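File shown here: work_39.cif, holding mmCIF, C-alpha atoms.
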data_start
#
loop_
_atom_site.label_atom_id
_atom_site.label_comp_id
_atom_site.auth_asym_id
_atom_site.auth_seq_id
_atom_site.Cartn_x
_atom_site.Cartn_y
_atom_site.Cartn_z
CA MET E 202 81.13 -13.67 14.75
CA LEU E 203 79.07 -16.83 14.98
CA LEU E 204 75.88 -14.98 13.99
CA SER E 205 77.58 -13.39 10.98
CA SER E 206 78.78 -16.78 9.68
CA LEU E 207 75.34 -18.29 10.13
CA ARG E 208 73.62 -15.44 8.22
CA THR E 209 76.09 -15.81 5.33
CA THR E 210 75.53 -19.56 5.12
CA VAL E 211 71.71 -19.22 5.03
CA PHE E 212 71.84 -16.49 2.37
CA CYS E 213 74.11 -18.50 0.08
CA GLY E 214 71.96 -21.59 0.48
CA CYS E 215 68.77 -19.71 -0.48
CA ARG E 216 70.45 -18.19 -3.53
CA SER E 217 71.74 -21.56 -4.75
CA SER E 218 68.28 -23.09 -4.28
CA ALA E 219 66.73 -20.34 -6.35
CA LYS E 220 69.22 -20.88 -9.15
CA GLY E 221 68.53 -24.58 -9.09
CA PHE E 222 64.79 -23.97 -9.36
CA GLN E 223 65.28 -21.56 -12.28
CA HIS E 224 67.45 -24.09 -14.08
CA SER E 225 64.99 -26.92 -13.54
CA SER E 226 62.08 -24.81 -14.75
CA ARG E 227 63.76 -24.51 -18.13
CA SER E 228 62.75 -28.08 -18.82
CA PRO E 229 59.71 -28.03 -21.21
CA GLN E 230 58.01 -31.01 -19.56
CA LEU E 231 58.30 -29.51 -16.10
CA ARG E 232 57.06 -26.11 -17.31
CA GLN E 233 54.00 -27.66 -19.02
CA TRP E 234 53.21 -29.63 -15.89
CA LEU E 235 53.39 -26.47 -13.77
CA VAL E 236 51.14 -24.56 -16.18
CA LYS E 237 48.51 -27.31 -16.19
CA ARG E 238 48.69 -27.61 -12.41
CA GLY E 239 48.22 -23.84 -12.06
CA GLN E 240 45.21 -23.77 -14.42
CA SER E 241 43.48 -26.61 -12.62
CA THR E 242 44.13 -24.92 -9.27
CA VAL E 243 42.61 -21.64 -10.48
CA THR E 244 39.59 -23.46 -11.88
CA VAL E 245 38.96 -25.32 -8.63
CA GLU E 246 39.37 -22.14 -6.57
CA ALA E 247 37.03 -20.17 -8.84
CA GLY E 248 34.39 -22.87 -8.66
CA ALA E 249 34.71 -23.04 -4.88
CA SER E 250 34.37 -19.27 -4.52
CA SER E 251 31.39 -18.99 -6.91
CA THR E 252 29.33 -21.72 -5.29
CA PRO E 253 28.65 -19.89 -2.00
CA ALA E 254 27.80 -16.66 -3.88
CA ALA E 255 25.17 -18.43 -5.96
CA ALA E 256 23.76 -20.08 -2.88
CA THR E 257 23.27 -16.75 -1.09
CA VAL E 258 20.66 -15.38 -3.51
CA PRO E 259 18.25 -14.32 -2.10
CA ASN E 260 20.10 -13.01 0.95
CA ALA E 261 19.82 -10.21 3.49
CA ALA E 262 20.91 -7.57 0.98
CA THR E 263 18.40 -8.64 -1.69
CA ASN E 264 15.67 -8.86 0.95
CA ARG E 265 16.32 -5.24 1.84
CA ILE E 266 16.09 -4.27 -1.83
CA VAL E 267 12.79 -6.11 -2.27
CA GLY E 268 11.53 -4.67 1.01
CA ARG E 269 12.28 -1.09 -0.10
CA TRP E 270 10.55 -1.75 -3.41
CA LEU E 271 7.40 -3.01 -1.69
CA LEU E 272 7.40 -0.05 0.70
CA GLY E 273 7.67 2.27 -2.30
CA CYS E 274 4.76 0.46 -3.97
CA SER E 275 2.67 0.81 -0.82
CA GLY E 276 3.40 4.55 -0.86
CA LEU E 277 2.09 4.76 -4.41
CA VAL E 278 -1.07 2.93 -3.33
CA VAL E 279 -1.56 5.54 -0.59
CA GLY E 280 -1.28 8.23 -3.26
CA ALA E 281 -3.96 6.47 -5.30
CA VAL E 282 -6.27 6.24 -2.27
CA VAL E 283 -5.85 9.92 -1.41
CA LEU E 284 -6.24 11.02 -5.03
CA GLY E 285 -9.33 8.83 -5.33
CA GLY E 286 -10.80 10.46 -2.25
CA VAL E 287 -10.21 13.96 -3.65
CA THR E 288 -11.75 12.84 -6.96
CA ARG E 289 -14.81 11.67 -5.06
CA LEU E 290 -15.04 14.86 -2.97
CA THR E 291 -14.83 17.09 -6.06
CA GLU E 292 -17.44 14.91 -7.81
CA SER E 293 -15.07 14.26 -10.71
CA GLY E 294 -15.28 10.48 -10.91
CA LEU E 295 -17.96 10.30 -13.61
CA SER E 296 -16.34 12.77 -16.02
CA MET E 297 -14.66 10.05 -18.12
CA VAL E 298 -17.43 7.88 -19.54
CA ASP E 299 -15.15 5.41 -21.38
CA TRP E 300 -12.42 3.06 -20.23
CA HIS E 301 -9.47 2.14 -22.46
CA LEU E 302 -6.22 0.81 -21.07
CA VAL E 303 -3.91 2.63 -23.53
CA ARG E 304 -5.99 5.00 -25.64
CA GLU E 305 -7.20 7.16 -22.75
CA MET E 306 -3.63 7.80 -21.53
CA LYS E 307 -3.56 10.80 -23.87
CA PRO E 308 -6.10 13.46 -22.82
CA PRO E 309 -7.88 15.66 -25.42
CA GLN E 310 -5.49 18.12 -27.06
CA THR E 311 -7.47 20.27 -29.47
CA GLN E 312 -10.65 22.27 -29.00
CA ALA E 313 -12.54 19.81 -31.19
CA GLU E 314 -11.39 16.85 -29.08
CA TRP E 315 -12.46 18.60 -25.87
CA GLU E 316 -15.87 19.41 -27.28
CA ALA E 317 -16.33 15.80 -28.42
CA GLU E 318 -15.42 14.53 -24.93
CA PHE E 319 -17.76 17.06 -23.32
CA SER E 320 -20.52 16.01 -25.69
CA LYS E 321 -20.16 12.38 -24.54
CA TYR E 322 -20.38 13.45 -20.90
CA GLN E 323 -23.58 15.41 -21.62
CA GLN E 324 -25.37 12.19 -22.56
CA PHE E 325 -25.18 10.76 -19.01
CA PRO E 326 -27.30 11.36 -15.89
CA GLU E 327 -24.78 13.44 -13.91
CA PHE E 328 -24.81 16.22 -16.51
CA LYS E 329 -28.56 16.03 -17.15
CA ILE E 330 -29.55 16.19 -13.48
CA MET E 331 -26.73 18.01 -11.68
CA ASN E 332 -24.41 19.77 -14.11
CA HIS E 333 -26.68 20.86 -16.97
CA ASP E 334 -25.24 24.40 -16.77
CA MET E 335 -21.59 23.28 -16.67
CA THR E 336 -19.13 25.08 -18.97
CA LEU E 337 -16.27 23.51 -20.90
CA PRO E 338 -13.55 24.92 -18.58
CA GLU E 339 -15.41 23.48 -15.58
CA PHE E 340 -15.61 20.12 -17.36
CA LYS E 341 -11.86 20.21 -18.02
CA PHE E 342 -11.20 20.48 -14.29
CA ILE E 343 -13.22 17.41 -13.30
CA PHE E 344 -11.92 15.53 -16.36
CA TYR E 345 -8.29 16.12 -15.37
CA MET E 346 -9.02 15.03 -11.79
CA GLU E 347 -10.36 11.67 -12.95
CA TRP E 348 -7.68 11.33 -15.64
CA GLY E 349 -4.96 11.92 -13.04
CA HIS E 350 -6.45 9.26 -10.80
CA ARG E 351 -6.54 6.73 -13.63
CA MET E 352 -3.00 7.52 -14.74
CA TRP E 353 -1.78 7.14 -11.18
CA GLY E 354 -3.41 3.72 -11.13
CA ARG E 355 -1.46 2.74 -14.22
CA LEU E 356 1.74 3.98 -12.56
CA VAL E 357 1.00 1.74 -9.59
CA GLY E 358 0.55 -1.22 -11.94
CA LEU E 359 3.89 -0.61 -13.65
CA ALA E 360 5.62 -0.14 -10.29
CA TYR E 361 4.50 -3.63 -9.27
CA ILE E 362 4.84 -5.55 -12.53
CA LEU E 363 8.15 -4.32 -14.03
CA PRO E 364 10.32 -4.77 -10.89
CA THR E 365 8.67 -8.16 -10.32
CA ILE E 366 9.94 -9.33 -13.70
CA TYR E 367 13.43 -7.96 -13.02
CA PHE E 368 13.77 -9.37 -9.50
CA TRP E 369 12.37 -12.73 -10.62
CA ARG E 370 15.03 -13.05 -13.32
CA LYS E 371 17.77 -11.99 -10.89
CA GLY E 372 16.71 -14.68 -8.43
CA TYR E 373 15.81 -12.31 -5.61
CA PHE E 374 12.60 -14.14 -4.65
CA THR E 375 12.22 -17.22 -2.52
CA ARG E 376 9.56 -19.72 -3.47
CA SER E 377 7.06 -18.27 -1.00
CA MET E 378 7.87 -14.71 -2.07
CA LYS E 379 7.12 -15.59 -5.70
CA GLY E 380 3.58 -16.52 -4.74
CA LYS E 381 3.20 -13.30 -2.75
CA VAL E 382 4.36 -10.96 -5.53
CA LEU E 383 2.22 -12.76 -8.10
CA GLY E 384 -0.75 -12.26 -5.81
CA LEU E 385 0.06 -8.56 -5.44
CA CYS E 386 0.36 -8.07 -9.20
CA GLY E 387 -2.91 -9.90 -9.78
CA PHE E 388 -4.57 -7.74 -7.14
CA VAL E 389 -3.42 -4.57 -8.93
CA PHE E 390 -5.06 -5.77 -12.15
CA PHE E 391 -8.24 -6.68 -10.27
CA GLN E 392 -8.27 -3.24 -8.64
CA GLY E 393 -8.28 -1.53 -12.04
CA LEU E 394 -11.21 -3.61 -13.28
CA LEU E 395 -13.09 -2.99 -10.04
CA GLY E 396 -12.57 0.76 -10.45
CA TRP E 397 -14.24 0.77 -13.85
CA TYR E 398 -17.02 -1.49 -12.56
CA MET E 399 -17.62 1.11 -9.85
CA VAL E 400 -17.71 4.04 -12.31
CA LYS E 401 -20.23 2.22 -14.52
CA SER E 402 -22.72 2.18 -11.66
CA GLY E 403 -22.82 5.97 -11.71
CA LEU E 404 -23.33 6.17 -15.48
CA GLU E 405 -26.46 4.03 -15.58
CA GLU E 406 -29.88 5.58 -16.15
CA LYS E 407 -32.18 5.04 -13.13
CA PRO E 408 -35.66 6.35 -14.01
CA GLU E 409 -37.17 5.00 -10.79
CA SER E 410 -34.67 6.92 -8.62
CA TYR E 411 -34.98 10.59 -7.70
CA ASP E 412 -31.56 10.69 -6.03
CA ILE E 413 -28.58 12.50 -7.51
CA PRO E 414 -26.35 10.32 -9.74
CA ARG E 415 -23.57 8.65 -7.78
CA VAL E 416 -21.62 5.44 -7.87
CA SER E 417 -22.88 2.48 -5.86
CA GLN E 418 -21.70 2.67 -2.27
CA TYR E 419 -21.21 -1.09 -2.37
CA ARG E 420 -18.84 -0.88 -5.32
CA LEU E 421 -17.09 2.15 -3.84
CA SER E 422 -16.49 0.25 -0.59
CA ALA E 423 -15.21 -2.78 -2.54
CA HIS E 424 -12.87 -0.55 -4.54
CA LEU E 425 -11.50 1.17 -1.44
CA GLY E 426 -11.37 -2.08 0.51
CA SER E 427 -9.33 -3.83 -2.17
CA ALA E 428 -6.94 -0.86 -2.32
CA LEU E 429 -6.48 -1.01 1.44
CA LEU E 430 -5.87 -4.77 1.31
CA LEU E 431 -3.25 -4.26 -1.41
CA TYR E 432 -1.63 -1.56 0.69
CA CYS E 433 -1.64 -3.63 3.88
CA ALA E 434 -0.18 -6.70 2.15
CA SER E 435 2.59 -4.66 0.49
CA LEU E 436 3.46 -2.76 3.67
CA TRP E 437 3.45 -5.89 5.85
CA THR E 438 5.66 -7.84 3.43
CA GLY E 439 8.07 -4.92 3.01
CA LEU E 440 8.39 -4.36 6.76
CA THR E 441 8.97 -8.04 7.54
CA LEU E 442 11.75 -8.14 4.94
CA MET E 443 13.48 -5.01 6.25
CA LEU E 444 12.90 -5.21 10.00
CA PRO E 445 14.33 -8.28 11.75
CA ALA E 446 12.01 -9.89 14.26
CA HIS E 447 12.77 -9.14 17.91
CA LYS E 448 13.98 -11.92 20.22
CA MET E 449 11.34 -11.78 22.94
CA ALA E 450 10.44 -14.37 25.53
CA GLU E 451 7.15 -16.04 24.59
CA THR E 452 5.24 -15.14 27.74
CA LYS E 453 1.49 -15.26 28.28
CA ARG E 454 1.30 -11.45 28.43
CA LEU E 455 3.14 -11.11 25.12
CA MET E 456 0.72 -13.51 23.43
CA GLN E 457 -2.20 -11.50 24.87
CA LEU E 458 -0.63 -8.29 23.55
CA ARG E 459 -0.30 -9.83 20.08
CA ARG E 460 -3.96 -10.87 20.03
CA PHE E 461 -4.97 -7.44 21.31
CA ALA E 462 -2.93 -5.76 18.57
CA LYS E 463 -4.45 -7.97 15.85
CA GLY E 464 -7.99 -7.22 17.02
CA THR E 465 -7.22 -3.51 17.16
CA GLY E 466 -5.77 -3.57 13.65
CA GLY E 467 -8.89 -5.30 12.34
CA LEU E 468 -11.06 -2.67 14.02
CA VAL E 469 -9.05 0.15 12.44
CA PHE E 470 -9.48 -1.50 9.02
CA LEU E 471 -13.26 -1.81 9.47
CA THR E 472 -13.51 1.83 10.53
CA ALA E 473 -11.63 2.96 7.42
CA LEU E 474 -13.85 0.75 5.25
CA SER E 475 -17.02 2.16 6.81
CA GLY E 476 -15.81 5.59 5.71
CA ALA E 477 -16.39 4.47 2.11
CA PHE E 478 -20.09 4.03 2.84
CA VAL E 479 -20.13 7.48 4.44
CA ALA E 480 -18.56 8.96 1.30
CA GLY E 481 -20.75 6.95 -1.07
CA LEU E 482 -23.98 8.16 0.54
CA ASP E 483 -22.73 11.67 1.46
CA ALA E 484 -23.63 10.67 5.00
CA GLY E 485 -21.24 13.25 6.41
CA LEU E 486 -23.77 15.95 5.47
CA VAL E 487 -26.48 14.71 7.84
CA TYR E 488 -26.45 15.43 11.57
CA ASN E 489 -23.47 17.77 11.61
CA SER E 490 -23.18 17.86 15.38
CA PHE E 491 -21.17 16.00 18.01
CA PRO E 492 -21.41 14.09 20.31
CA LYS E 493 -25.17 13.99 19.81
CA MET E 494 -26.84 13.53 16.45
CA GLY E 495 -29.12 16.53 16.40
CA GLU E 496 -30.85 16.65 19.78
CA ARG E 497 -30.62 12.93 20.47
CA TRP E 498 -27.95 10.35 21.20
CA VAL E 499 -29.80 7.86 18.98
CA PRO E 500 -31.66 9.54 16.06
CA ASP E 501 -35.28 8.68 15.28
CA ASP E 502 -34.60 7.61 11.69
CA LEU E 503 -31.82 5.18 12.59
CA LEU E 504 -33.84 2.15 11.38
CA ALA E 505 -36.24 3.89 8.99
CA PHE E 506 -35.66 1.48 6.07
CA SER E 507 -37.16 -1.97 5.70
CA PRO E 508 -35.83 -4.61 5.96
CA THR E 509 -33.70 -3.59 8.95
CA LEU E 510 -30.43 -4.85 7.47
CA LYS E 511 -30.78 -2.38 4.60
CA ASN E 512 -30.25 0.54 7.00
CA PHE E 513 -26.63 -0.42 7.69
CA PHE E 514 -25.67 0.02 4.03
CA GLU E 515 -28.19 2.44 2.50
CA ASN E 516 -29.51 4.71 5.25
CA PRO E 517 -27.17 7.76 5.59
CA THR E 518 -28.13 8.24 9.23
CA THR E 519 -27.31 4.66 10.17
CA VAL E 520 -24.09 4.70 8.14
CA GLN E 521 -22.86 7.83 9.94
CA PHE E 522 -23.92 6.39 13.31
CA ASP E 523 -22.01 3.16 12.60
CA HIS E 524 -18.91 5.11 11.57
CA ARG E 525 -19.03 7.06 14.83
CA ILE E 526 -19.37 3.89 16.90
CA LEU E 527 -16.50 2.19 15.06
CA ALA E 528 -14.27 5.26 15.42
CA ILE E 529 -14.90 5.50 19.17
CA SER E 530 -14.35 1.74 19.53
CA SER E 531 -11.03 1.99 17.65
CA LEU E 532 -9.89 4.86 19.87
CA THR E 533 -10.84 2.91 23.00
CA ALA E 534 -9.04 -0.23 21.79
CA ILE E 535 -5.88 1.68 20.86
CA THR E 536 -5.86 3.44 24.24
CA GLY E 537 -6.22 0.07 25.97
CA LEU E 538 -3.41 -1.40 23.86
CA TYR E 539 -1.14 1.50 24.80
CA MET E 540 -1.86 1.16 28.53
CA PHE E 541 -1.44 -2.63 28.43
CA SER E 542 1.93 -2.31 26.66
CA ARG E 543 3.26 0.21 29.22
CA ARG E 544 3.35 -2.52 31.87
CA MET E 545 5.55 -4.78 29.73
CA VAL E 546 9.22 -4.85 28.78
CA LEU E 547 9.23 -4.39 25.00
CA PRO E 548 11.88 -3.48 22.42
CA ARG E 549 12.33 0.25 21.85
CA ARG E 550 10.96 0.17 18.29
CA ALA E 551 7.79 -1.60 19.42
CA LYS E 552 7.18 0.99 22.15
CA ILE E 553 7.66 3.84 19.66
CA ALA E 554 5.22 2.24 17.21
CA ILE E 555 2.51 1.78 19.86
CA SER E 556 2.98 5.34 21.13
CA LEU E 557 2.67 6.78 17.62
CA LEU E 558 -0.43 4.67 17.00
CA ALA E 559 -2.09 6.11 20.11
CA ALA E 560 -1.17 9.68 19.22
CA MET E 561 -2.44 9.27 15.65
CA ALA E 562 -5.72 7.79 16.88
CA TYR E 563 -6.55 10.90 18.90
CA GLY E 564 -5.51 13.15 16.02
CA GLN E 565 -7.69 11.18 13.60
CA VAL E 566 -10.75 11.45 15.85
CA ALA E 567 -10.20 15.21 16.13
CA LEU E 568 -9.99 15.44 12.33
CA GLY E 569 -13.21 13.45 11.93
CA ILE E 570 -15.15 15.61 14.37
CA SER E 571 -13.85 18.80 12.71
CA THR E 572 -14.82 17.51 9.26
CA LEU E 573 -18.33 16.75 10.48
CA LEU E 574 -18.88 20.07 12.28
CA LEU E 575 -17.62 22.12 9.30
CA TYR E 576 -19.90 20.32 6.80
CA VAL E 577 -17.17 18.27 5.08
CA PRO E 578 -14.85 20.83 3.46
CA THR E 579 -12.78 19.12 0.75
CA PRO E 580 -9.26 19.80 2.17
CA LEU E 581 -10.21 18.68 5.68
CA ALA E 582 -12.12 15.63 4.43
CA ALA E 583 -9.13 14.58 2.28
CA THR E 584 -6.84 14.99 5.31
CA HIS E 585 -9.20 12.85 7.39
CA GLN E 586 -9.13 10.11 4.77
CA SER E 587 -5.34 10.27 4.62
CA GLY E 588 -5.30 10.03 8.41
CA SER E 589 -7.19 6.76 8.26
CA VAL E 590 -4.47 5.29 6.05
CA ALA E 591 -1.77 6.62 8.39
CA LEU E 592 -3.52 5.03 11.36
CA LEU E 593 -3.78 1.72 9.52
CA SER E 594 -0.07 1.95 8.62
CA LEU E 595 0.94 2.39 12.25
CA ALA E 596 -1.26 -0.56 13.27
CA ILE E 597 0.57 -2.74 10.74
CA TRP E 598 3.92 -1.49 12.01
CA VAL E 599 2.94 -2.49 15.55
CA LEU E 600 2.02 -5.98 14.34
CA ALA E 601 5.33 -6.26 12.48
CA GLU E 602 7.27 -5.34 15.62
CA LEU E 603 5.37 -7.85 17.76
CA ARG E 604 5.55 -10.78 15.33
CA LYS E 605 7.11 -14.09 16.32
CA MET E 606 10.66 -15.06 15.47
CA PRO E 607 10.72 -17.40 12.42
CA LYS E 608 11.61 -20.97 13.31
#
Can the structure from this file be put into structure tokens for me?
Amino acid sequence: MLLSSLRTTVFCGCRSSAKGFQHSSRSPQLRQWLVKRGQSTVTVEAGASSTPAAATVPNAATNRIVGRWLLGCSGLVVGAVVLGGVTRLTESGLSMVDWHLVREMKPPQTQAEWEAEFSKYQQFPEFKIMNHDMTLPEFKFIFYMEWGHRMWGRLVGLAYILPTIYFWRKGYFTRSMKGKVLGLCGFVFFQGLLGWYMVKSGLEEKPESYDIPRVSQYRLSAHLGSALLLYCASLWTGLTLMLPAHKMAETKRLMQLRRFAKGTGGLVFLTALSGAFVAGLDAGLVYNSFPKMGERWVPDDLLAFSPTLKNFFENPTTVQFDHRILAISSLTAITGLYMFSRRMVLPRRAKIAISLLAAMAYGQVALGISTLLLYVPTPLAATHQSGSVALLSLAIWVLAELRKMPK
């Protein structure tokens, strides 16, 4: 009975209060005051909620987007490196004797255009000395190989430049990241100019030389080296944006492992770069035996050129010997890195990366030996070159996993 009376009293009181509020709200002054108060409250709340959102750009989500973009760009660079290697192996790189940024994007269409392009090619040393009996269909094959490589290069440039503009306007870049992406875009442009500078070296008349026409091994190595640097920078930046750094105790052994990994990565890069000199001089076609070179461990003509330094860049025997030494040194260093890391407590991802690096190193050496013994068949040689990029990629992944926590 007491509870029923209390419930009735509370209900009646609430209803009378509501009626009183409705009556008072009919007053125009009070209603205007409430409307103004409500608008100001909404404005303050909207401003308060928008401020943190603006302050969080760039954030973890945008970093992942930028990281995926850079990883995609690095994949395109790998495609350019592999396609460039195939172009070199098929001796197609000198088929296009002009360089135009836009005009050459459309290949010859009619018979007359093809014959005009073939006529231009016939005026240069490669046709006169090597391909004087080449037919038009054979020329079309090497032309399309080089044209595909150049068009892929333009695709790489667009993949870097257009998203950079978009992400910059959206505010996805930090101040330091702006400098990095500008450097990457500038490097892409430099890479294109360096490619044409390399091709020009193979189009020049050299009356004093009796060698077959080929591009300068120095320019070829610079072209490949710059592509690898672009790839490494893009992959490293993308991985550091997407993979959070591990929280590891800064012990003496960990610092030693980091230094070991950096030295190993540098050795892998030098080995890949030395492969450009091997390709530029066709050094893979001399001494097709392993482990000895012919009947000797050290061939007689290792230092045949004078001055001595010239042998390391222009003597095919010395260039192949150097590549062998660097490859064996890289394999030894990677094996040592793997064994050193097994005695340490490391995050799971880091252990996987080091294990894959070791496995790839042995596979890459097997590919190199097979390519040499079989007299450099194009498919196997292209696979070996791709393997060098894969090995370099895993070395960068290892470094990304072992990097220090940002302060």
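Using all atoms listed in the file, the nearest neighbour of Asn489 of chain E within the list E:Gly393, E:Ala462, E:Cys274, E:Gly569 is E:Gly569.
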With the cut-off set at 12 Å and counting all atoms listed in the file, tabulate each residue of segment 351-423 of chain E with an atom at most that distance from an atom of segment 277-285 of chain E, showing the nearest atom pair and its distance in Å to one decimal, ordered by chain and increasing number, as CSV.
residue,atom,partner,partner_atom,distance
E:Arg351,CA,E:Ala281,CA,8.7
E:Met352,CA,E:Ala281,CA,9.5
E:Trp353,CA,E:Ala281,CA,6.3
E:Gly354,CA,E:Ala281,CA,6.5
E:Arg355,CA,E:Ala281,CA,10.0
E:Leu356,CA,E:Leu277,CA,8.2
E:Val357,CA,E:Leu277,CA,6.1
E:Gly358,CA,E:Val278,CA,9.7
E:Leu359,CA,E:Leu277,CA,10.8
E:Ala360,CA,E:Leu277,CA,8.4
E:Tyr361,CA,E:Leu277,CA,10.0
E:Leu385,CA,E:Val278,CA,11.7
E:Phe388,CA,E:Val278,CA,11.9
E:Val389,CA,E:Val278,CA,9.7
E:Gln392,CA,E:Val278,CA,10.9
E:Gly393,CA,E:Ala281,CA,11.3
E:Gly396,CA,E:Gly285,CA,10.1
E:Val400,CA,E:Gly285,CA,11.9
E:Leu421,CA,E:Gly285,CA,10.3
E:Ser422,CA,E:Val282,CA,12.0
field: Residue members of the PyMOL selection byres ((chain E and resi 450) around 12) in the file shown, as JSON, numbers by chain
entry: {"E": [447, 448, 449, 451, 452, 453, 454, 455, 456, 545, 546, 547, 548, 603, 604, 605, 606]}
Give me a file of those residues, with C-alpha atoms, as a PDB file, in the frame of the given file.
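Dumped everything to again_10.pdb:
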ATOM      1  CA  HIS E 447      12.770  -9.140  17.910  1.00  0.00           C
ATOM      2  CA  LYS E 448      13.980 -11.920  20.220  1.00  0.00           C
ATOM      3  CA  MET E 449      11.340 -11.780  22.940  1.00  0.00           C
ATOM      4  CA  GLU E 451       7.150 -16.040  24.590  1.00  0.00           C
ATOM      5  CA  THR E 452       5.240 -15.140  27.740  1.00  0.00           C
ATOM      6  CA  LYS E 453       1.490 -15.260  28.280  1.00  0.00           C
ATOM      7  CA  ARG E 454       1.300 -11.450  28.430  1.00  0.00           C
ATOM      8  CA  LEU E 455       3.140 -11.110  25.120  1.00  0.00           C
ATOM      9  CA  MET E 456       0.720 -13.510  23.430  1.00  0.00           C
ATOM     10  CA  MET E 545       5.550  -4.780  29.730  1.00  0.00           C
ATOM     11  CA  VAL E 546       9.220  -4.850  28.780  1.00  0.00           C
ATOM     12  CA  LEU E 547       9.230  -4.390  25.000  1.00  0.00           C
ATOM     13  CA  PRO E 548      11.880  -3.480  22.420  1.00  0.00           C
ATOM     14  CA  LEU E 603       5.370  -7.850  17.760  1.00  0.00           C
ATOM     15  CA  ARG E 604       5.550 -10.780  15.330  1.00  0.00           C
ATOM     16  CA  LYS E 605       7.110 -14.090  16.320  1.00  0.00           C
ATOM     17  CA  MET E 606      10.660 -15.060  15.470  1.00  0.00           C
TER      18      MET E 606
END
- request: I need the residue set behind the PyMOL selection byres ((chain E and resi 286) around 10) for this file; please write it as a PyMOL selection string.
  value: chain E and resi 280-285+287-292+294+350+425+477+480+579+582-584+586-587
field: Shell around Leu532 of chain E at 9 Å using all atoms listed in the file, local window under 5 positions removed, as a list in words
entry: Val469, Leu527, Gly537, Ala559, Ala562, Tyr563 and Val566 of chain E
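Atom CA of Ser542 of chain E to atom CA of Gly276 of chain E spans 28.4 Å [interatomic distance, one decimal].
Among E:Met346, E:Val487, E:Leu395, E:Leu429, the residue with the shortest atom-to-atom distance to Leu574 of chain E, counting all atoms listed in the file, is E:Val487.
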task: Go ahead and compute the interatomic distance for atom CA of Leu272 of chain E and atom CA of Arg420 of chain E, in Å to one decimal.
output: 26.9 Å
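Shortest atom-to-atom contact with Leu458 of chain E among E:Glu318, E:Phe541, E:Gln418, E:Phe342: E:Phe541, counting all atoms listed in the file.
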query: Of the candidates E:Gln457, E:Asn516, E:Thr438, E:Thr472, which shows the shortest atom-to-atom distance to Ala484 of chain E, using all atoms listed in the file?
result: E:Asn516
query: Which residues, written as a PyMOL selection string, have at least one atom at most 10 Å from segment 494-502 of chain E, with only C-alpha atoms counted and residues fewer than 3 positions away on the same chain left out?
result: chain E and resi 487-491+505-506+512+516-519+521-522
Explicit residues for the PyMOL selection byres ((chain E and resi 372) around 12) (as number ranges by chain): E: 255-260, 263-264, 267, 365-371, 373-376, 378-379
With C-alpha atoms retained, export the selected residues as a PDB file, in the coordinates of the input.
ATOM      1  CA  ALA E 255      25.170 -18.430  -5.960  1.00  0.00           C
ATOM      2  CA  ALA E 256      23.760 -20.080  -2.880  1.00  0.00           C
ATOM      3  CA  THR E 257      23.270 -16.750  -1.090  1.00  0.00           C
ATOM      4  CA  VAL E 258      20.660 -15.380  -3.510  1.00  0.00           C
ATOM      5  CA  PRO E 259      18.250 -14.320  -2.100  1.00  0.00           C
ATOM      6  CA  ASN E 260      20.100 -13.010   0.950  1.00  0.00           C
ATOM      7  CA  THR E 263      18.400  -8.640  -1.690  1.00  0.00           C
ATOM      8  CA  ASN E 264      15.670  -8.860   0.950  1.00  0.00           C
ATOM      9  CA  VAL E 267      12.790  -6.110  -2.270  1.00  0.00           C
ATOM     10  CA  THR E 365       8.670  -8.160 -10.320  1.00  0.00           C
ATOM     11  CA  ILE E 366       9.940  -9.330 -13.700  1.00  0.00           C
ATOM     12  CA  TYR E 367      13.430  -7.960 -13.020  1.00  0.00           C
ATOM     13  CA  PHE E 368      13.770  -9.370  -9.500  1.00  0.00           C
ATOM     14  CA  TRP E 369      12.370 -12.730 -10.620  1.00  0.00           C
ATOM     15  CA  ARG E 370      15.030 -13.050 -13.320  1.00  0.00           C
ATOM     16  CA  LYS E 371      17.770 -11.990 -10.890  1.00  0.00           C
ATOM     17  CA  TYR E 373      15.810 -12.310  -5.610  1.00  0.00           C
ATOM     18  CA  PHE E 374      12.600 -14.140  -4.650  1.00  0.00           C
ATOM     19  CA  THR E 375      12.220 -17.220  -2.520  1.00  0.00           C
ATOM     20  CA  ARG E 376       9.560 -19.720  -3.470  1.00  0.00           C
ATOM     21  CA  MET E 378       7.870 -14.710  -2.070  1.00  0.00           C
ATOM     22  CA  LYS E 379       7.120 -15.590  -5.700  1.00  0.00           C
TER      23      LYS E 379
END
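Proximity ranking of E:Val298, E:Leu558, E:Ile535, E:Leu442 relative to Ser594 of chain E places E:Leu558 first, based on only C-alpha atoms.
Ranking E:Asp412, E:Ile330, E:Glu339, E:Leu271 by their shortest atom-to-atom distance to Cys386 of chain E, with all atoms listed in the file included, puts E:Leu271 first.
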